[in-house]
$ cat data_25.pdb   # PDB, C-alpha atoms, pLDDT in the B column
ATOM      1  CA  MET A 745     -67.999 -16.265   0.969  1.00 78.00           C
ATOM      2  CA  LYS A 746     -64.935 -18.492   1.240  1.00 83.00           C
ATOM      3  CA  THR A 747     -63.338 -21.156  -0.944  1.00 94.00           C
ATOM      4  CA  ILE A 748     -62.346 -24.386   0.799  1.00 94.00           C
ATOM      5  CA  SER A 749     -61.190 -27.416  -1.141  1.00 95.00           C
ATOM      6  CA  GLU A 750     -63.049 -30.658  -0.557  1.00 94.00           C
ATOM      7  CA  LYS A 751     -59.621 -32.265  -0.223  1.00 96.00           C
ATOM      8  CA  ALA A 752     -58.660 -30.063   2.738  1.00 97.00           C
ATOM      9  CA  LYS A 753     -58.937 -31.521   6.248  1.00 97.00           C
ATOM     10  CA  ILE A 754     -60.604 -28.934   8.507  1.00 97.00           C
ATOM     11  CA  HIS A 755     -61.392 -29.644  12.169  1.00 98.00           C
ATOM     12  CA  GLU A 756     -65.031 -28.992  13.001  1.00 97.00           C
ATOM     13  CA  THR A 757     -64.070 -26.418  15.661  1.00 98.00           C
ATOM     14  CA  ALA A 758     -61.927 -24.315  13.303  1.00 98.00           C
ATOM     15  CA  LYS A 759     -63.278 -20.901  12.282  1.00 98.00           C
ATOM     16  CA  ILE A 760     -62.570 -19.545   8.812  1.00 98.00           C
ATOM     17  CA  SER A 761     -63.610 -16.008   7.837  1.00 97.00           C
ATOM     18  CA  ASN A 762     -64.979 -14.821   4.514  1.00 96.00           C
ATOM     19  CA  PHE A 763     -62.871 -14.326   1.378  1.00 97.00           C
ATOM     20  CA  THR A 764     -60.311 -16.879   2.544  1.00 98.00           C
ATOM     21  CA  ILE A 765     -59.010 -19.692   0.320  1.00 98.00           C
ATOM     22  CA  VAL A 766     -57.888 -23.095   1.601  1.00 98.00           C
ATOM     23  CA  GLU A 767     -56.403 -25.314  -1.093  1.00 97.00           C
ATOM     24  CA  ALA A 768     -56.315 -29.101  -1.335  1.00 96.00           C
ATOM     25  CA  ASN A 769     -54.205 -31.270   0.971  1.00 96.00           C
ATOM     26  CA  CYS A 770     -54.190 -28.772   3.832  1.00 97.00           C
ATOM     27  CA  GLU A 771     -54.838 -29.587   7.484  1.00 98.00           C
ATOM     28  CA  ILE A 772     -56.313 -27.083   9.927  1.00 98.00           C
ATOM     29  CA  GLY A 773     -56.443 -28.251  13.529  1.00 98.00           C
ATOM     30  CA  GLU A 774     -58.973 -27.762  16.274  1.00 98.00           C
ATOM     31  CA  ASN A 775     -59.859 -24.277  17.483  1.00 98.00           C
ATOM     32  CA  CYS A 776     -57.839 -22.565  14.761  1.00 98.00           C
ATOM     33  CA  GLU A 777     -59.043 -19.100  13.761  1.00 98.00           C
ATOM     34  CA  ILE A 778     -58.371 -17.948  10.207  1.00 98.00           C
ATOM     35  CA  GLY A 779     -59.049 -14.303   9.337  1.00 98.00           C
ATOM     36  CA  SER A 780     -60.390 -12.857   6.106  1.00 97.00           C
ATOM     37  CA  ASN A 781     -58.518 -12.716   2.789  1.00 98.00           C
ATOM     38  CA  VAL A 782     -56.060 -15.401   3.868  1.00 98.00           C
ATOM     39  CA  LEU A 783     -54.538 -17.859   1.381  1.00 98.00           C
ATOM     40  CA  ILE A 784     -53.567 -21.263   2.746  1.00 98.00           C
ATOM     41  CA  CYS A 785     -51.830 -23.220   0.021  1.00 98.00           C
ATOM     42  CA  GLU A 786     -51.496 -26.913  -0.691  1.00 97.00           C
ATOM     43  CA  GLY A 787     -49.249 -28.782   1.738  1.00 97.00           C
ATOM     44  CA  THR A 788     -49.867 -26.528   4.755  1.00 98.00           C
ATOM     45  CA  LYS A 789     -50.577 -28.037   8.172  1.00 98.00           C
ATOM     46  CA  LEU A 790     -51.748 -25.942  11.131  1.00 98.00           C
ATOM     47  CA  GLY A 791     -51.743 -27.454  14.618  1.00 98.00           C
ATOM     48  CA  LYS A 792     -54.240 -26.654  17.375  1.00 98.00           C
ATOM     49  CA  ASN A 793     -55.294 -23.130  18.366  1.00 98.00           C
ATOM     50  CA  VAL A 794     -53.350 -21.400  15.608  1.00 98.00           C
ATOM     51  CA  GLN A 795     -54.482 -17.858  14.825  1.00 98.00           C
ATOM     52  CA  VAL A 796     -53.965 -16.440  11.334  1.00 98.00           C
ATOM     53  CA  PHE A 797     -54.875 -12.800  10.783  1.00 98.00           C
ATOM     54  CA  HIS A 798     -56.125 -10.891   7.723  1.00 98.00           C
ATOM     55  CA  GLY A 799     -54.147 -11.100   4.493  1.00 98.00           C
ATOM     56  CA  ALA A 800     -51.581 -13.746   5.427  1.00 98.00           C
ATOM     57  CA  VAL A 801     -50.293 -16.155   2.748  1.00 98.00           C
ATOM     58  CA  ILE A 802     -49.064 -19.534   4.007  1.00 98.00           C
ATOM     59  CA  GLY A 803     -47.479 -22.307   1.967  1.00 98.00           C
ATOM     60  CA  ASN A 804     -47.063 -20.552  -1.358  1.00 96.00           C
ATOM     61  CA  LYS A 805     -44.373 -21.633  -3.816  1.00 95.00           C
ATOM     62  CA  SER A 806     -40.768 -21.006  -2.812  1.00 95.00           C
ATOM     63  CA  GLN A 807     -39.042 -17.983  -4.330  1.00 95.00           C
ATOM     64  CA  ASP A 808     -35.883 -20.079  -4.799  1.00 93.00           C
ATOM     65  CA  LEU A 809     -35.193 -20.015  -8.541  1.00 90.00           C
ATOM     66  CA  LYS A 810     -33.796 -23.563  -8.347  1.00 89.00           C
ATOM     67  CA  SER A 811     -37.127 -24.898  -7.101  1.00 89.00           C
ATOM     68  CA  LYS A 812     -38.983 -27.227  -9.462  1.00 86.00           C
ATOM     69  CA  ASN A 813     -42.275 -26.561  -7.676  1.00 84.00           C
ATOM     70  CA  GLU A 814     -42.492 -30.139  -6.427  1.00 88.00           C
ATOM     71  CA  LEU A 815     -44.799 -31.018  -3.548  1.00 90.00           C
ATOM     72  CA  SER A 816     -43.394 -29.718  -0.257  1.00 96.00           C
ATOM     73  CA  PHE A 817     -44.819 -28.546   3.038  1.00 98.00           C
ATOM     74  CA  VAL A 818     -45.308 -25.932   5.739  1.00 98.00           C
ATOM     75  CA  GLU A 819     -45.969 -27.027   9.325  1.00 98.00           C
ATOM     76  CA  ILE A 820     -47.074 -24.612  12.057  1.00 98.00           C
ATOM     77  CA  GLY A 821     -47.218 -25.680  15.701  1.00 98.00           C
ATOM     78  CA  ASP A 822     -49.962 -25.316  18.304  1.00 98.00           C
ATOM     79  CA  PHE A 823     -50.886 -21.894  19.735  1.00 98.00           C
ATOM     80  CA  THR A 824     -48.798 -19.964  17.222  1.00 98.00           C
ATOM     81  CA  THR A 825     -50.071 -16.557  16.102  1.00 98.00           C
ATOM     82  CA  ILE A 826     -49.531 -15.249  12.577  1.00 98.00           C
ATOM     83  CA  ARG A 827     -50.404 -11.594  12.226  1.00 98.00           C
ATOM     84  CA  GLU A 828     -51.503  -9.505   9.235  1.00 98.00           C
ATOM     85  CA  TYR A 829     -49.826 -10.002   5.839  1.00 98.00           C
ATOM     86  CA  VAL A 830     -47.250 -12.541   6.989  1.00 98.00           C
ATOM     87  CA  THR A 831     -45.900 -14.691   4.142  1.00 98.00           C
ATOM     88  CA  ILE A 832     -44.517 -18.187   4.703  1.00 98.00           C
ATOM     89  CA  ASN A 833     -43.111 -20.153   1.750  1.00 98.00           C
ATOM     90  CA  ARG A 834     -43.098 -23.914   1.542  1.00 97.00           C
ATOM     91  CA  ALA A 835     -39.815 -25.807   1.148  1.00 97.00           C
ATOM     92  CA  SER A 836     -37.963 -25.637  -2.152  1.00 96.00           C
ATOM     93  CA  GLU A 837     -37.308 -29.367  -2.609  1.00 92.00           C
ATOM     94  CA  LYS A 838     -39.625 -32.353  -2.860  1.00 94.00           C
ATOM     95  CA  ASN A 839     -41.012 -33.434   0.521  1.00 95.00           C
ATOM     96  CA  GLY A 840     -39.060 -30.693   2.321  1.00 97.00           C
ATOM     97  CA  VAL A 841     -40.638 -28.765   5.194  1.00 98.00           C
ATOM     98  CA  THR A 842     -40.648 -25.153   6.299  1.00 98.00           C
ATOM     99  CA  LYS A 843     -41.380 -25.506   9.998  1.00 98.00           C
ATOM    100  CA  ILE A 844     -42.573 -23.119  12.709  1.00 98.00           C
ATOM    101  CA  GLY A 845     -42.882 -24.409  16.259  1.00 98.00           C
ATOM    102  CA  LYS A 846     -45.392 -23.967  19.065  1.00 98.00           C
ATOM    103  CA  ASN A 847     -46.329 -20.745  20.862  1.00 98.00           C
ATOM    104  CA  CYS A 848     -44.602 -18.501  18.349  1.00 98.00           C
ATOM    105  CA  LEU A 849     -45.606 -14.950  17.429  1.00 98.00           C
ATOM    106  CA  LEU A 850     -44.977 -13.674  13.918  1.00 99.00           C
ATOM    107  CA  MET A 851     -45.944 -10.010  13.809  1.00 98.00           C
ATOM    108  CA  ALA A 852     -47.252  -8.132  10.773  1.00 98.00           C
ATOM    109  CA  TYR A 853     -45.389  -8.348   7.446  1.00 98.00           C
ATOM    110  CA  VAL A 854     -42.911 -11.018   8.576  1.00 98.00           C
ATOM    111  CA  HIS A 855     -41.550 -13.149   5.732  1.00 98.00           C
ATOM    112  CA  VAL A 856     -40.366 -16.726   6.310  1.00 98.00           C
ATOM    113  CA  ALA A 857     -38.649 -18.140   3.237  1.00 98.00           C
ATOM    114  CA  HIS A 858     -38.309 -21.737   2.089  1.00 98.00           C
ATOM    115  CA  ASP A 859     -36.841 -24.422   4.343  1.00 98.00           C
ATOM    116  CA  CYS A 860     -36.618 -22.255   7.472  1.00 98.00           C
ATOM    117  CA  LYS A 861     -36.784 -24.015  10.837  1.00 98.00           C
ATOM    118  CA  ILE A 862     -38.163 -21.966  13.722  1.00 98.00           C
ATOM    119  CA  GLY A 863     -38.336 -23.448  17.220  1.00 98.00           C
ATOM    120  CA  ASN A 864     -40.879 -23.003  19.986  1.00 98.00           C
ATOM    121  CA  ASN A 865     -41.717 -19.717  21.746  1.00 98.00           C
ATOM    122  CA  VAL A 866     -39.963 -17.578  19.137  1.00 98.00           C
ATOM    123  CA  ILE A 867     -41.008 -13.950  18.584  1.00 98.00           C
ATOM    124  CA  LEU A 868     -40.391 -12.205  15.253  1.00 98.00           C
ATOM    125  CA  ALA A 869     -41.351  -8.529  15.371  1.00 98.00           C
ATOM    126  CA  ASN A 870     -42.840  -6.537  12.485  1.00 98.00           C
ATOM    127  CA  CYS A 871     -41.139  -6.811   9.093  1.00 98.00           C
ATOM    128  CA  VAL A 872     -38.517  -9.403  10.038  1.00 98.00           C
ATOM    129  CA  GLN A 873     -37.390 -10.984   6.766  1.00 98.00           C
ATOM    130  CA  LEU A 874     -35.906 -14.491   6.867  1.00 98.00           C
ATOM    131  CA  ALA A 875     -34.063 -15.793   3.816  1.00 98.00           C
ATOM    132  CA  GLY A 876     -33.970 -19.509   2.970  1.00 98.00           C
ATOM    133  CA  TYR A 877     -32.708 -22.201   5.357  1.00 98.00           C
ATOM    134  CA  VAL A 878     -32.543 -19.906   8.389  1.00 98.00           C
ATOM    135  CA  GLU A 879     -32.717 -21.743  11.734  1.00 98.00           C
ATOM    136  CA  ILE A 880     -33.959 -20.059  14.908  1.00 98.00           C
ATOM    137  CA  ASP A 881     -33.889 -22.016  18.161  1.00 98.00           C
ATOM    138  CA  ASP A 882     -36.365 -21.957  21.058  1.00 98.00           C
ATOM    139  CA  PHE A 883     -37.183 -18.726  22.927  1.00 98.00           C
ATOM    140  CA  ALA A 884     -35.153 -16.517  20.575  1.00 98.00           C
ATOM    141  CA  GLY A 885     -36.440 -13.096  19.531  1.00 98.00           C
ATOM    142  CA  ILE A 886     -35.782 -10.658  16.698  1.00 98.00           C
ATOM    143  CA  GLY A 887     -36.682  -6.960  16.760  1.00 98.00           C
ATOM    144  CA  GLY A 888     -38.473  -5.185  13.944  1.00 98.00           C
ATOM    145  CA  ILE A 889     -37.240  -4.574  10.385  1.00 98.00           C
ATOM    146  CA  VAL A 890     -34.394  -7.107  10.542  1.00 98.00           C
ATOM    147  CA  PRO A 891     -33.198  -9.030   7.460  1.00 98.00           C
ATOM    148  CA  VAL A 892     -31.569 -12.408   8.162  1.00 98.00           C
ATOM    149  CA  HIS A 893     -29.161 -13.895   5.592  1.00 98.00           C
ATOM    150  CA  GLN A 894     -29.762 -17.380   4.223  1.00 98.00           C
ATOM    151  CA  PHE A 895     -28.369 -20.304   6.258  1.00 98.00           C
ATOM    152  CA  VAL A 896     -27.918 -18.163   9.382  1.00 98.00           C
ATOM    153  CA  LYS A 897     -28.534 -19.843  12.760  1.00 98.00           C
ATOM    154  CA  ILE A 898     -29.777 -18.027  15.845  1.00 98.00           C
ATOM    155  CA  GLY A 899     -29.353 -19.802  19.177  1.00 98.00           C
ATOM    156  CA  LYS A 900     -31.674 -20.402  22.114  1.00 98.00           C
ATOM    157  CA  PHE A 901     -32.746 -17.365  24.141  1.00 98.00           C
ATOM    158  CA  ALA A 902     -30.785 -14.991  21.895  1.00 98.00           C
ATOM    159  CA  PHE A 903     -32.205 -11.590  21.011  1.00 98.00           C
ATOM    160  CA  VAL A 904     -31.351  -9.447  17.966  1.00 98.00           C
ATOM    161  CA  GLY A 905     -32.112  -5.740  18.288  1.00 98.00           C
ATOM    162  CA  GLY A 906     -34.430  -4.056  15.806  1.00 97.00           C
ATOM    163  CA  GLY A 907     -33.161  -2.515  12.595  1.00 97.00           C
ATOM    164  CA  TYR A 908     -29.912  -4.500  12.293  1.00 98.00           C
ATOM    165  CA  ARG A 909     -28.775  -6.952   9.619  1.00 98.00           C
ATOM    166  CA  VAL A 910     -27.914 -10.554  10.517  1.00 98.00           C
ATOM    167  CA  SER A 911     -25.305 -12.087   8.219  1.00 98.00           C
ATOM    168  CA  LYS A 912     -23.542 -14.436  10.671  1.00 98.00           C
ATOM    169  CA  ASP A 913     -24.685 -16.893  13.321  1.00 98.00           C
ATOM    170  CA  VAL A 914     -25.903 -15.513  16.656  1.00 98.00           C
ATOM    171  CA  PRO A 915     -24.993 -17.828  19.562  1.00 98.00           C
ATOM    172  CA  PRO A 916     -27.326 -18.754  22.435  1.00 98.00           C
ATOM    173  CA  TYR A 917     -28.257 -16.415  25.295  1.00 98.00           C
ATOM    174  CA  VAL A 918     -26.746 -13.250  23.802  1.00 98.00           C
ATOM    175  CA  LEU A 919     -27.956  -9.774  22.980  1.00 98.00           C
ATOM    176  CA  ALA A 920     -26.859  -8.763  19.471  1.00 98.00           C
ATOM    177  CA  GLY A 921     -26.859  -5.259  18.051  1.00 98.00           C
ATOM    178  CA  GLU A 922     -24.948  -2.475  16.278  1.00 96.00           C
ATOM    179  CA  GLU A 923     -23.634  -2.411  12.717  1.00 94.00           C
ATOM    180  CA  PRO A 924     -21.978  -4.689  11.783  1.00 95.00           C
ATOM    181  CA  LEU A 925     -23.863  -6.957  14.160  1.00 97.00           C
ATOM    182  CA  ARG A 926     -21.851  -7.889  17.245  1.00 97.00           C
ATOM    183  CA  PHE A 927     -22.055  -9.383  20.723  1.00 96.00           C
ATOM    184  CA  CYS A 928     -23.494  -6.762  23.113  1.00 97.00           C
ATOM    185  CA  GLY A 929     -23.708  -8.851  26.278  1.00 96.00           C
ATOM    186  CA  LEU A 930     -26.263 -11.323  27.551  1.00 97.00           C
ATOM    187  CA  ASN A 931     -29.990 -11.271  26.882  1.00 98.00           C
ATOM    188  CA  SER A 932     -30.340 -10.759  30.625  1.00 96.00           C
ATOM    189  CA  VAL A 933     -33.953  -9.607  30.597  1.00 95.00           C
ATOM    190  CA  GLY A 934     -35.095 -12.597  28.530  1.00 96.00           C
ATOM    191  CA  LEU A 935     -33.082 -15.058  30.595  1.00 98.00           C
ATOM    192  CA  LYS A 936     -34.426 -13.766  33.908  1.00 97.00           C
ATOM    193  CA  ARG A 937     -37.984 -13.813  32.580  1.00 96.00           C
ATOM    194  CA  ASN A 938     -37.511 -17.450  31.694  1.00 97.00           C
ATOM    195  CA  GLY A 939     -36.296 -18.474  35.135  1.00 97.00           C
ATOM    196  CA  PHE A 940     -32.509 -18.581  34.731  1.00 97.00           C
ATOM    197  CA  SER A 941     -30.834 -18.518  38.145  1.00 96.00           C
ATOM    198  CA  GLN A 942     -28.030 -16.159  39.120  1.00 96.00           C
ATOM    199  CA  SER A 943     -25.548 -19.052  39.009  1.00 96.00           C
ATOM    200  CA  GLN A 944     -26.620 -19.874  35.445  1.00 97.00           C
ATOM    201  CA  LEU A 945     -26.241 -16.231  34.401  1.00 97.00           C
ATOM    202  CA  THR A 946     -22.794 -16.112  36.008  1.00 97.00           C
ATOM    203  CA  GLU A 947     -21.726 -19.244  34.128  1.00 97.00           C
ATOM    204  CA  ILE A 948     -22.973 -17.929  30.778  1.00 97.00           C
ATOM    205  CA  LYS A 949     -21.209 -14.625  31.386  1.00 97.00           C
ATOM    206  CA  ARG A 950     -17.976 -16.470  32.242  1.00 96.00           C
ATOM    207  CA  VAL A 951     -18.111 -18.491  29.020  1.00 97.00           C
ATOM    208  CA  TYR A 952     -18.700 -15.432  26.855  1.00 97.00           C
ATOM    209  CA  LYS A 953     -15.916 -13.530  28.608  1.00 96.00           C
ATOM    210  CA  ILE A 954     -13.518 -16.205  27.370  1.00 95.00           C
ATOM    211  CA  LEU A 955     -15.066 -16.213  23.887  1.00 95.00           C
ATOM    212  CA  TYR A 956     -15.258 -12.471  23.350  1.00 93.00           C
ATOM    213  CA  ARG A 957     -13.132 -10.595  25.890  1.00 86.00           C
ATOM    214  CA  LEU A 958      -9.739 -12.318  26.023  1.00 88.00           C
ATOM    215  CA  ASP A 959      -8.432 -11.294  22.593  1.00 86.00           C
ATOM    216  CA  LEU A 960      -8.615 -14.865  21.300  1.00 89.00           C
ATOM    217  CA  ASN A 961     -10.147 -16.130  18.087  1.00 91.00           C
ATOM    218  CA  ILE A 962     -13.241 -18.314  18.409  1.00 91.00           C
ATOM    219  CA  SER A 963     -11.368 -21.572  17.802  1.00 91.00           C
ATOM    220  CA  GLN A 964      -8.791 -20.809  20.499  1.00 94.00           C
ATOM    221  CA  ALA A 965     -11.453 -19.800  23.002  1.00 94.00           C
ATOM    222  CA  ALA A 966     -13.566 -22.878  22.239  1.00 93.00           C
ATOM    223  CA  GLU A 967     -10.531 -25.112  22.770  1.00 94.00           C
ATOM    224  CA  ILE A 968      -9.882 -23.562  26.189  1.00 93.00           C
ATOM    225  CA  LEU A 969     -13.499 -24.089  27.193  1.00 94.00           C
ATOM    226  CA  SER A 970     -13.514 -27.677  25.899  1.00 92.00           C
ATOM    227  CA  ASP A 971     -10.399 -28.510  27.950  1.00 92.00           C
ATOM    228  CA  GLU A 972     -11.945 -27.337  31.201  1.00 91.00           C
ATOM    229  CA  LYS A 973     -12.920 -29.966  33.743  1.00 84.00           C
ATOM    230  CA  GLN A 974     -15.971 -27.991  34.836  1.00 84.00           C
ATOM    231  CA  ASN A 975     -18.974 -28.419  32.608  1.00 89.00           C
ATOM    232  CA  SER A 976     -22.479 -27.013  32.564  1.00 95.00           C
ATOM    233  CA  ARG A 977     -25.528 -27.381  30.383  1.00 95.00           C
ATOM    234  CA  GLU A 978     -25.152 -23.758  29.264  1.00 97.00           C
ATOM    235  CA  LYS A 979     -21.504 -24.146  28.263  1.00 97.00           C
ATOM    236  CA  THR A 980     -22.295 -27.347  26.368  1.00 96.00           C
ATOM    237  CA  GLU A 981     -25.103 -25.569  24.490  1.00 97.00           C
ATOM    238  CA  ILE A 982     -22.746 -22.758  23.459  1.00 97.00           C
ATOM    239  CA  LEU A 983     -19.918 -25.073  22.398  1.00 97.00           C
ATOM    240  CA  ASN A 984     -22.253 -27.288  20.362  1.00 97.00           C
ATOM    241  CA  PHE A 985     -23.586 -24.196  18.615  1.00 98.00           C
ATOM    242  CA  ILE A 986     -20.048 -23.088  17.746  1.00 97.00           C
ATOM    243  CA  ARG A 987     -19.134 -26.517  16.373  1.00 95.00           C
ATOM    244  CA  ASN A 988     -22.238 -26.537  14.140  1.00 96.00           C
ATOM    245  CA  SER A 989     -21.780 -22.979  12.888  1.00 96.00           C
ATOM    246  CA  LYS A 990     -21.075 -22.741   9.158  1.00 94.00           C
ATOM    247  CA  ARG A 991     -21.328 -19.005   8.575  1.00 95.00           C
ATOM    248  CA  GLY A 992     -19.151 -18.036  11.540  1.00 95.00           C
ATOM    249  CA  LEU A 993     -20.225 -16.178  14.663  1.00 96.00           C
ATOM    250  CA  ILE A 994     -21.035 -12.510  15.087  1.00 96.00           C
TER     251      ILE A 994
END

$ encode --input "data_25.pdb" --output "structure tokens"
Amino acid sequence: MKTISEKAKIHETAKISNFTIVEANCEIGENCEIGSNVLICEGTKLGKNVQVFHGAVIGNKSQDLKSKNELSFVEIGDFTTIREYVTINRASEKNGVTKIGKNCLLMAYVHVAHDCKIGNNVILANCVQLAGYVEIDDFAGIGGIVPVHQFVKIGKFAFVGGGYRVSKDVPPYVLAGEEPLRFCGLNSVGLKRNGFSQSQLTEIKRVYKILYRLDLNISQAAEILSDEKQNSREKTEILNFIRNSKRGLI
């Protein structure tokens, strides 16, 4: 037995297991597979080939005490997998969106709070806990049992080791670990797996040597890098991340 609202839009190829509830104004795309005892709340949209495992709750009311419980949304991209007992809250303000991209993996017991923005190909290991307004860019990864402070940004291809606490922004391409969280080098394994050339790795390493190894503050290092005549896509990505950082870098 399952409870599906007549006002939900369900593709004919989607599979929904018993004891699952789908509320009104939801969209479930083609070839989605929804496990048992799942709750999909009003305002949730699943793309194509999304898998949702047993016990997950998607699109429930924000836990932000300022929220007036106005209509807001959760959007989940194609081919994303949501494992057992994941909770994803809808946005806290009217017409806002909590968004998860394509090809992501959210392992068991992950929590994604209101207004988070997660890019494509992101992996969140078991028990990662994202506070509100967290932004995670494409191909980033977070190890298990990691809390992430509200408004934190994590850059492209960055990786945060398991068991650490993230209270400041983590720039692109880096490996972050230890307590308090700090720069521990490049995410070399992830970068090589994703086709980064040796020249790209050398350039990223050069940029972070200036940022972290020359006994300069971040503003001084960023100014030196900005004044250089040589430019690269990787350096531009890092500098743009620094300029948009509001919580400061690890």

$ residues_around --input "data_25.pdb" --residues "range 907-914 of chain A" --least-positions-apart "4" --cutoff "12 Å" --atoms "only C-alpha atoms" --output "JSON, numbers by chain"
{"A": [869, 870, 871, 872, 873, 874, 875, 878, 879, 880, 881, 884, 885, 886, 887, 888, 889, 890, 891, 892, 893, 894, 895, 896, 897, 898, 899, 900, 901, 902, 903, 918, 919, 920, 921, 922, 923, 924, 925, 926, 927, 928, 929, 930, 931, 982, 985, 986, 987, 988, 989, 990, 991, 992, 993, 994]}

$ residues_near_point --input "data_25.pdb" --point "(-50.8, -21.2, 21.8)" --cutoff "10 Å" --atoms "all atoms listed in the file" --output "PyMOL selection string"
chain A and resi 791-795+821-825+846-849+865

$ atom_distance --input "data_25.pdb" --atom1 "CA of Ile778 in chain A" --atom2 "CA of Lys812 in chain A"
29.1 Å

$ residues_near_point --input "data_25.pdb" --point "(-60.3, -20.3, 11.6)" --cutoff "8 Å" --atoms "only C-alpha atoms" --output "list of chain:residue names"
A:Ala758, A:Lys759, A:Ile760, A:Ser761, A:Asn775, A:Cys776, A:Glu777, A:Ile778, A:Gly779, A:Gln795, A:Val796

$ residues_around --input "data_25.pdb" --residues "Phe763 in chain A" --least-positions-apart "6" --cutoff "10 Å" --atoms "all atoms listed in the file" --output "NGL selection string"
:A and (745-747 or 779-783 or 798-799)

$ closest_residue --input "data_25.pdb" --among "A:Pro915, A:Val933, A:Gly905, A:Gln942" --to "Glu981 in chain A" --atoms "all atoms listed in the file"
A:Pro915

$ atom_distance --input "data_25.pdb" --atom1 "CA of Asn769 in chain A" --atom2 "CA of Ala752 in chain A"
4.9 Å

$ residues_around --input "data_25.pdb" --residues "Thr831 in chain A" --least-positions-apart "5" --cutoff "6 Å" --atoms "only C-alpha atoms" --output "VMD selection string"
chain A and resid 800 to 802 855

$ write_last_selection --input "data_25.pdb" --atoms "C-alpha atoms" --output "PDB file, in the coordinates of the input"
ATOM      1  CA  ALA A 800     -51.581 -13.746   5.427  1.00 98.00           C
ATOM      2  CA  VAL A 801     -50.293 -16.155   2.748  1.00 98.00           C
ATOM      3  CA  ILE A 802     -49.064 -19.534   4.007  1.00 98.00           C
ATOM      4  CA  HIS A 855     -41.550 -13.149   5.732  1.00 98.00           C
TER       5      HIS A 855
END

$ residues_around --input "data_25.pdb" --residues "Ala768 in chain A" --least-positions-apart "6" --cutoff "7 Å" --atoms "all atoms listed in the file" --output "short mmCIF file (atom, residue, chain, number, x, y, z; two decimals) with C-alpha atoms, in the frame of the given file"
data_model
loop_
_atom_site.label_atom_id
_atom_site.label_comp_id
_atom_site.auth_asym_id
_atom_site.auth_seq_id
_atom_site.Cartn_x
_atom_site.Cartn_y
_atom_site.Cartn_z
CA SER A 749 -61.19 -27.42 -1.14
CA GLU A 750 -63.05 -30.66 -0.56
CA LYS A 751 -59.62 -32.26 -0.22
CA ALA A 752 -58.66 -30.06 2.74
CA GLU A 786 -51.50 -26.91 -0.69
#

$ build_atoms --input "data_25.pdb" --residues "range 862-874 of chain A" --atoms "N, CA and C atoms" --output "compact mmCIF listing (two decimals), in the frame of the given file"
# COMPACT_ATOMS: atom_id res chain seq x y z
N ILE A 862 -37.99 -22.86 12.58
CA ILE A 862 -38.16 -21.97 13.72
C ILE A 862 -38.65 -22.80 14.89
N GLY A 863 -38.00 -22.65 16.05
CA GLY A 863 -38.34 -23.45 17.22
C GLY A 863 -39.59 -22.98 17.92
N ASN A 864 -39.71 -23.36 19.18
CA ASN A 864 -40.88 -23.00 19.99
C ASN A 864 -40.66 -21.67 20.71
N ASN A 865 -41.75 -20.95 20.95
CA ASN A 865 -41.72 -19.72 21.75
C ASN A 865 -40.81 -18.65 21.15
N VAL A 866 -40.76 -18.59 19.84
CA VAL A 866 -39.96 -17.58 19.14
C VAL A 866 -40.85 -16.38 18.81
N ILE A 867 -40.28 -15.17 18.94
CA ILE A 867 -41.01 -13.95 18.58
C ILE A 867 -40.25 -13.22 17.49
N LEU A 868 -40.93 -12.99 16.36
CA LEU A 868 -40.39 -12.20 15.25
C LEU A 868 -41.23 -10.94 15.15
N ALA A 869 -40.61 -9.79 15.38
CA ALA A 869 -41.35 -8.53 15.37
C ALA A 869 -41.65 -8.10 13.93
N ASN A 870 -42.36 -6.99 13.79
CA ASN A 870 -42.84 -6.54 12.48
C ASN A 870 -41.72 -6.44 11.45
N CYS A 871 -42.01 -6.95 10.27
CA CYS A 871 -41.14 -6.81 9.09
C CYS A 871 -39.81 -7.55 9.20
N VAL A 872 -39.68 -8.52 10.09
CA VAL A 872 -38.52 -9.40 10.04
C VAL A 872 -38.58 -10.20 8.74
N GLN A 873 -37.45 -10.32 8.07
CA GLN A 873 -37.39 -10.98 6.77
C GLN A 873 -36.35 -12.10 6.80
N LEU A 874 -36.80 -13.34 6.81
CA LEU A 874 -35.91 -14.49 6.87
C LEU A 874 -35.67 -15.04 5.47
